[in-house]
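Dumped run06.cif below, it's mmCIF, C-alpha atoms:
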data_query
#
loop_
_atom_site.group_PDB
_atom_site.id
_atom_site.type_symbol
_atom_site.label_atom_id
_atom_site.label_comp_id
_atom_site.auth_asym_id
_atom_site.auth_seq_id
_atom_site.Cartn_x
_atom_site.Cartn_y
_atom_site.Cartn_z
ATOM 1 C CA MET X 1 0.000 0.000 0.000
ATOM 2 C CA SER X 2 1.386 3.377 -0.957
ATOM 3 C CA ILE X 3 0.121 6.914 -1.590
ATOM 4 C CA PHE X 4 -1.360 8.118 -4.868
ATOM 5 C CA ALA X 5 1.036 10.412 -6.780
ATOM 6 C CA SER X 6 3.829 9.901 -4.227
ATOM 7 C CA GLU X 7 6.330 9.888 -7.089
ATOM 8 C CA THR X 8 5.446 13.451 -8.070
ATOM 9 C CA SER X 9 6.806 15.214 -4.999
ATOM 10 C CA PRO X 10 10.236 14.112 -3.789
ATOM 11 C CA GLN X 11 10.395 17.132 -1.476
ATOM 12 C CA LEU X 12 7.474 15.787 0.581
ATOM 13 C CA TRP X 13 8.913 13.324 3.061
ATOM 14 C CA GLN X 14 5.637 11.513 3.882
ATOM 15 C CA GLY X 15 4.890 10.468 0.329
ATOM 16 C CA TRP X 16 8.465 10.105 -0.849
ATOM 17 C CA MET X 17 9.402 7.513 1.769
ATOM 18 C CA GLN X 18 6.581 5.322 0.493
ATOM 19 C CA GLU X 19 7.730 5.865 -3.077
ATOM 20 C CA GLU X 20 11.311 4.911 -2.245
ATOM 21 C CA PHE X 21 10.097 1.674 -0.671
ATOM 22 C CA SER X 22 7.879 0.961 -3.696
ATOM 23 C CA GLN X 23 10.809 1.471 -6.056
ATOM 24 C CA ALA X 24 13.027 -0.811 -3.973
ATOM 25 C CA LEU X 25 10.320 -3.481 -4.058
ATOM 26 C CA ILE X 26 9.861 -3.122 -7.834
ATOM 27 C CA HIS X 27 13.608 -3.504 -8.429
ATOM 28 C CA SER X 28 14.053 -6.323 -5.896
ATOM 29 C CA GLY X 29 13.096 -9.165 -8.192
ATOM 30 C CA LEU X 30 10.216 -10.145 -5.902
ATOM 31 C CA SER X 31 6.647 -10.343 -7.150
ATOM 32 C CA TYR X 32 4.705 -7.289 -6.025
ATOM 33 C CA THR X 33 1.368 -5.524 -6.183
ATOM 34 C CA ILE X 34 1.432 -1.903 -5.070
ATOM 35 C CA ILE X 35 -1.909 -0.222 -4.530
ATOM 36 C CA LYS X 36 -1.992 3.578 -4.406
ATOM 37 C CA PRO X 37 -5.317 4.983 -3.189
ATOM 38 C CA VAL X 38 -6.047 8.694 -3.496
ATOM 39 C CA GLY X 39 -7.162 8.838 0.107
ATOM 40 C CA LEU X 40 -9.719 7.261 2.388
ATOM 41 C CA PHE X 41 -12.972 8.672 3.669
ATOM 42 C CA SER X 42 -11.642 8.016 7.172
ATOM 43 C CA GLY X 43 -8.588 10.110 6.294
ATOM 44 C CA LEU X 44 -10.877 13.141 6.165
ATOM 45 C CA HIS X 45 -11.824 12.844 9.858
ATOM 46 C CA ASP X 46 -9.572 15.794 10.720
ATOM 47 C CA LEU X 47 -11.799 18.019 8.584
ATOM 48 C CA VAL X 48 -14.806 16.901 10.589
ATOM 49 C CA THR X 49 -12.962 17.540 13.858
ATOM 50 C CA MET X 50 -12.057 21.076 12.750
ATOM 51 C CA ALA X 51 -15.599 21.724 11.556
ATOM 52 C CA LYS X 52 -17.040 20.572 14.891
ATOM 53 C CA TRP X 53 -14.913 23.268 16.529
ATOM 54 C CA GLY X 54 -16.866 25.676 14.330
ATOM 55 C CA LEU X 55 -14.119 26.562 11.840
ATOM 56 C CA LEU X 56 -12.933 24.765 8.732
ATOM 57 C CA LEU X 57 -9.878 26.093 6.891
ATOM 58 C CA THR X 58 -8.925 24.966 3.401
ATOM 59 C CA PRO X 59 -5.557 25.902 1.853
ATOM 60 C CA GLY X 60 -5.693 27.840 -1.400
ATOM 61 C CA ASP X 61 -8.763 28.364 -3.539
ATOM 62 C CA ALA X 62 -10.077 24.810 -2.936
ATOM 63 C CA SER X 63 -10.630 24.204 -6.642
ATOM 64 C CA SER X 64 -8.446 21.091 -6.843
ATOM 65 C CA LYS X 65 -10.282 17.809 -7.337
ATOM 66 C CA THR X 66 -10.140 14.536 -5.453
ATOM 67 C CA ASN X 67 -11.969 11.213 -5.315
ATOM 68 C CA PRO X 68 -11.346 9.579 -1.934
ATOM 69 C CA ILE X 69 -12.467 5.995 -1.487
ATOM 70 C CA HIS X 70 -14.358 4.262 1.304
ATOM 71 C CA GLN X 71 -12.228 1.838 3.318
ATOM 72 C CA ARG X 72 -14.508 -1.102 2.447
ATOM 73 C CA ASP X 73 -14.350 -0.331 -1.268
ATOM 74 C CA LEU X 74 -10.552 -0.179 -1.014
ATOM 75 C CA ALA X 75 -10.452 -3.499 0.862
ATOM 76 C CA HIS X 76 -12.603 -5.091 -1.846
ATOM 77 C CA PHE X 77 -10.324 -3.654 -4.550
ATOM 78 C CA CYS X 78 -7.274 -5.075 -2.756
ATOM 79 C CA CYS X 79 -8.866 -8.525 -2.523
ATOM 80 C CA GLN X 80 -9.666 -8.449 -6.237
ATOM 81 C CA HIS X 81 -6.032 -7.706 -7.050
ATOM 82 C CA LEU X 82 -4.226 -9.912 -4.494
ATOM 83 C CA GLU X 83 -2.767 -12.136 -7.152
ATOM 84 C CA ASP X 84 -1.857 -9.482 -9.712
ATOM 85 C CA ALA X 85 1.820 -9.843 -10.379
ATOM 86 C CA ASN X 86 4.152 -6.911 -10.742
ATOM 87 C CA ALA X 87 1.441 -4.276 -10.831
ATOM 88 C CA VAL X 88 1.133 -0.721 -9.590
ATOM 89 C CA LEU X 89 -2.566 0.117 -9.296
ATOM 90 C CA GLU X 90 -4.040 3.542 -8.572
ATOM 91 C CA VAL X 91 -7.561 3.742 -7.194
ATOM 92 C CA GLY X 92 -10.053 6.348 -6.061
ATOM 93 C CA GLY X 93 -13.695 6.488 -5.109
ATOM 94 C CA SER X 94 -16.740 6.738 -7.318
ATOM 95 C CA GLU X 95 -17.246 10.500 -6.964
ATOM 96 C CA ILE X 96 -14.980 13.404 -7.849
ATOM 97 C CA HIS X 97 -15.309 16.494 -5.632
ATOM 98 C CA SER X 98 -13.489 19.793 -5.480
ATOM 99 C CA ARG X 99 -11.905 20.509 -2.117
ATOM 100 C CA GLN X 100 -14.502 23.268 -1.732
ATOM 101 C CA GLU X 101 -17.311 20.750 -2.243
ATOM 102 C CA VAL X 102 -15.767 18.481 0.401
ATOM 103 C CA ALA X 103 -15.461 21.406 2.841
ATOM 104 C CA ASN X 104 -19.036 22.540 2.169
ATOM 105 C CA LEU X 105 -20.350 19.020 2.712
ATOM 106 C CA VAL X 106 -18.437 18.593 5.968
ATOM 107 C CA CYS X 107 -19.667 21.985 7.196
ATOM 108 C CA ARG X 108 -23.254 21.177 6.297
ATOM 109 C CA MET X 109 -23.078 17.821 8.117
ATOM 110 C CA THR X 110 -21.444 19.273 11.244
ATOM 111 C CA GLN X 111 -23.162 22.654 11.251
ATOM 112 C CA CYS X 112 -19.791 24.374 11.108
ATOM 113 C CA ARG X 113 -20.157 28.149 11.452
ATOM 114 C CA PHE X 114 -17.139 29.316 9.416
ATOM 115 C CA ASN X 115 -15.649 27.787 6.278
ATOM 116 C CA PHE X 116 -12.672 29.761 4.933
ATOM 117 C CA ASN X 117 -10.148 29.342 2.161
ATOM 118 C CA VAL X 118 -6.753 30.509 3.381
ATOM 119 C CA PRO X 119 -4.585 32.131 0.676
ATOM 120 C CA LEU X 120 -1.806 29.766 -0.298
ATOM 121 C CA PHE X 121 0.970 32.302 0.310
ATOM 122 C CA LEU X 122 -0.172 32.598 3.952
ATOM 123 C CA VAL X 123 -0.317 28.826 4.374
ATOM 124 C CA LYS X 124 3.163 28.335 2.928
ATOM 125 C CA SER X 125 4.584 31.149 5.087
ATOM 126 C CA GLY X 126 3.152 29.550 8.221
ATOM 127 C CA ILE X 127 4.485 26.146 7.236
ATOM 128 C CA LYS X 128 7.997 27.551 6.754
ATOM 129 C CA LEU X 129 7.897 28.926 10.304
ATOM 130 C CA MET X 130 6.686 25.555 11.578
ATOM 131 C CA ARG X 131 9.799 23.883 10.155
ATOM 132 C CA LEU X 132 11.875 25.747 12.739
ATOM 133 C CA LEU X 133 9.704 24.533 15.597
ATOM 134 C CA ASP X 134 8.620 20.984 14.768
ATOM 135 C CA ARG X 135 9.969 19.086 11.749
ATOM 136 C CA ASN X 136 7.383 16.305 12.037
ATOM 137 C CA LEU X 137 4.467 18.747 12.049
ATOM 138 C CA TYR X 138 6.115 20.675 9.205
ATOM 139 C CA ASP X 139 6.269 17.484 7.096
ATOM 140 C CA LYS X 140 2.622 16.653 7.800
ATOM 141 C CA LEU X 141 1.389 20.168 7.043
ATOM 142 C CA SER X 142 3.462 20.343 3.856
ATOM 143 C CA PHE X 143 2.013 17.048 2.675
ATOM 144 C CA PHE X 144 -1.543 18.092 3.610
ATOM 145 C CA THR X 145 -1.120 21.390 1.757
ATOM 146 C CA HIS X 146 0.260 19.657 -1.316
ATOM 147 C CA ILE X 147 -2.534 17.102 -1.602
ATOM 148 C CA THR X 148 -5.262 19.665 -0.963
ATOM 149 C CA THR X 149 -3.953 22.114 -3.564
ATOM 150 C CA HIS X 150 -3.303 19.642 -6.396
ATOM 151 C CA ASP X 151 -5.728 17.434 -8.290
ATOM 152 C CA MET X 152 -5.695 13.948 -6.798
ATOM 153 C CA VAL X 153 -7.988 11.871 -8.992
ATOM 154 C CA ALA X 154 -7.405 8.176 -9.701
ATOM 155 C CA PRO X 155 -9.472 5.632 -11.622
ATOM 156 C CA ALA X 156 -12.861 5.303 -9.949
ATOM 157 C CA TYR X 157 -13.857 2.187 -8.042
ATOM 158 C CA GLY X 158 -16.645 1.306 -5.624
ATOM 159 C CA GLN X 159 -20.126 2.544 -4.942
ATOM 160 C CA ARG X 160 -19.981 4.271 -1.575
ATOM 161 C CA LYS X 161 -20.550 8.034 -1.453
ATOM 162 C CA TYR X 162 -18.799 10.439 0.902
ATOM 163 C CA GLU X 163 -22.020 12.153 1.964
ATOM 164 C CA THR X 164 -23.559 8.796 2.899
ATOM 165 C CA TYR X 165 -20.425 7.934 4.851
ATOM 166 C CA LEU X 166 -20.707 11.149 6.858
ATOM 167 C CA ARG X 167 -24.375 10.479 7.629
ATOM 168 C CA GLU X 168 -23.644 6.920 8.764
ATOM 169 C CA GLU X 169 -20.698 7.702 11.015
ATOM 170 C CA GLU X 170 -22.232 8.498 14.386
ATOM 171 C CA ASP X 171 -19.070 10.026 15.797
ATOM 172 C CA LEU X 172 -18.689 12.290 12.778
ATOM 173 C CA ALA X 173 -22.126 13.734 12.209
#

Target encoding structure tokens, full file:
Amino acid sequence: MSIFASETSPQLWQGWMQEEFSQALIHSGLSYTIIKPVGLFSGLHDLVTMAKWGLLLTPGDASSKTNPIHQRDLAHFCCQHLEDANAVLEVGGSEIHSRQEVANLVCRMTQCRFNFNVPLFLVKSGIKLMRLLDRNLYDKLSFFTHITTHDMVAPAYGQRKYETYLREEEDLA
């Protein structure tokens, strides 16, 4: 299991470490199947947590697109491809949303009071300061900013919808 588009950003430690391992596996001579999901519905829990506090911040103009996948759909996809040999498979969910659409949906489901897009130059300035204080947090924020400001759309798979997921998750809604 790796991260979708990890090969595109060597400066981002979180994704690049996974890509380096994938490349080592590919060149090892062993049989491999590497699955690279865009992201999971459960990976968006932090947005729900922020929204429950009453404020949801999205880096940039929130126009980039994504198609996260439900964990069960990803598990089913993995089972279908267990015996694929020497394959790198990218996968996303059935729906493509802009980051703004995701933020609006989360706010609607949590009754968030404020939903703001933070100008990218402000986000990047804050992240640079964070590097001086906490390298781990800097790496996470850099990765988060990258994936939320770039299109992250993989071939669609599954049937589950993000809005349905939010409605069904008692601890989220």

From the list X:Ala87, X:Val48, X:Gly93, X:Ser98, the nearest residue to Arg72 in chain X using all atoms listed in the file is X:Gly93

So for range 78-82 of chain X, what box centre and size do we get, axis-aligned, 3 Å extra on each of the six sides, every listed atom, Å to one decimal, as JSON?
{"center_x": -6.9, "center_y": -7.5, "center_z": -4.8, "size_x": 11.4, "size_y": 10.8, "size_z": 10.5}

The distance between CA of Thr149 in chain X and CA of Thr58 in chain X is 9.0 Å

Here CA of His97 in chain X and CA of Leu122 in chain X stand apart by 24.1 Å

ask   = Which residues fall under the PyMOL selection byres ((chain X and resi 146) around 12) in this file, as number ranges by chain?
value = X: 5-6, 8-15, 58-60, 62, 64, 120, 123-124, 127, 139-145, 147-152

Have a look at X:Leu82, X:Val88, X:Leu55, X:Ile69 and name the one nearest to Gly43 in chain X; count only C-alpha atoms.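 Result for the nearest residue to Gly43 in chain X: X:Ile69.
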
- Message: Just the number, please: distance in Å from CA of Val106 in chain X to CA of Val38 in chain X, one decimal.
- Response: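 Answer for the CA of Val106 in chain X to CA of Val38 in chain X separation: 18.5 Å.
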
_Once the PyMOL selection byres ((chain X and resi 33) around 9) is applied to the coordinates I shared, what remains selected? I want it as number ranges by chain._
X: 1, 26, 31-32, 34-35, 81-89

Query raised in the report: Nearest to Thr49 in chain X: which of X:Arg131, X:Cys107, X:Tyr138, X:Glu168 is it, counting only C-alpha atoms?
Result: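 Under the stated criterion, the closest residue is X:Cys107.
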
- Message: Can you spell out as number ranges by chain the set of residues that the PyMOL selection byres ((chain X and resi 56) around 7) selects in the structure I just provided?
- Response: X: 47, 50-51, 54-55, 57-58, 114-116

Any idea what's packed within 12 Å of Val91 in chain X, counting only C-alpha atoms, ignoring anything in its chain fewer than 6 positions away? Could you give it as number ranges by chain?
X: 1-5, 34-40, 66-71, 73-78, 81, 152-158

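For the residues X:Met130, X:Asp46, X:Cys112, X:Tyr162, ranking by smallest atom-to-atom distance to Ser94 in chain X using only C-alpha atoms places X:Tyr162 first.
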
Nearest candidate to Glu95 in chain X (options X:Lys161, X:His27, X:Arg113, X:Lys52; using only C-alpha atoms)
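Among the listed residues, the smallest separation from Glu95 in chain X belongs to X:Lys161.
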
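When only C-alpha atoms are used to compute distances to Asn117 in chain X, the closest of the residues X:Asn104, X:Leu166, X:Arg160, X:Cys79 turns out to be X:Asn104.
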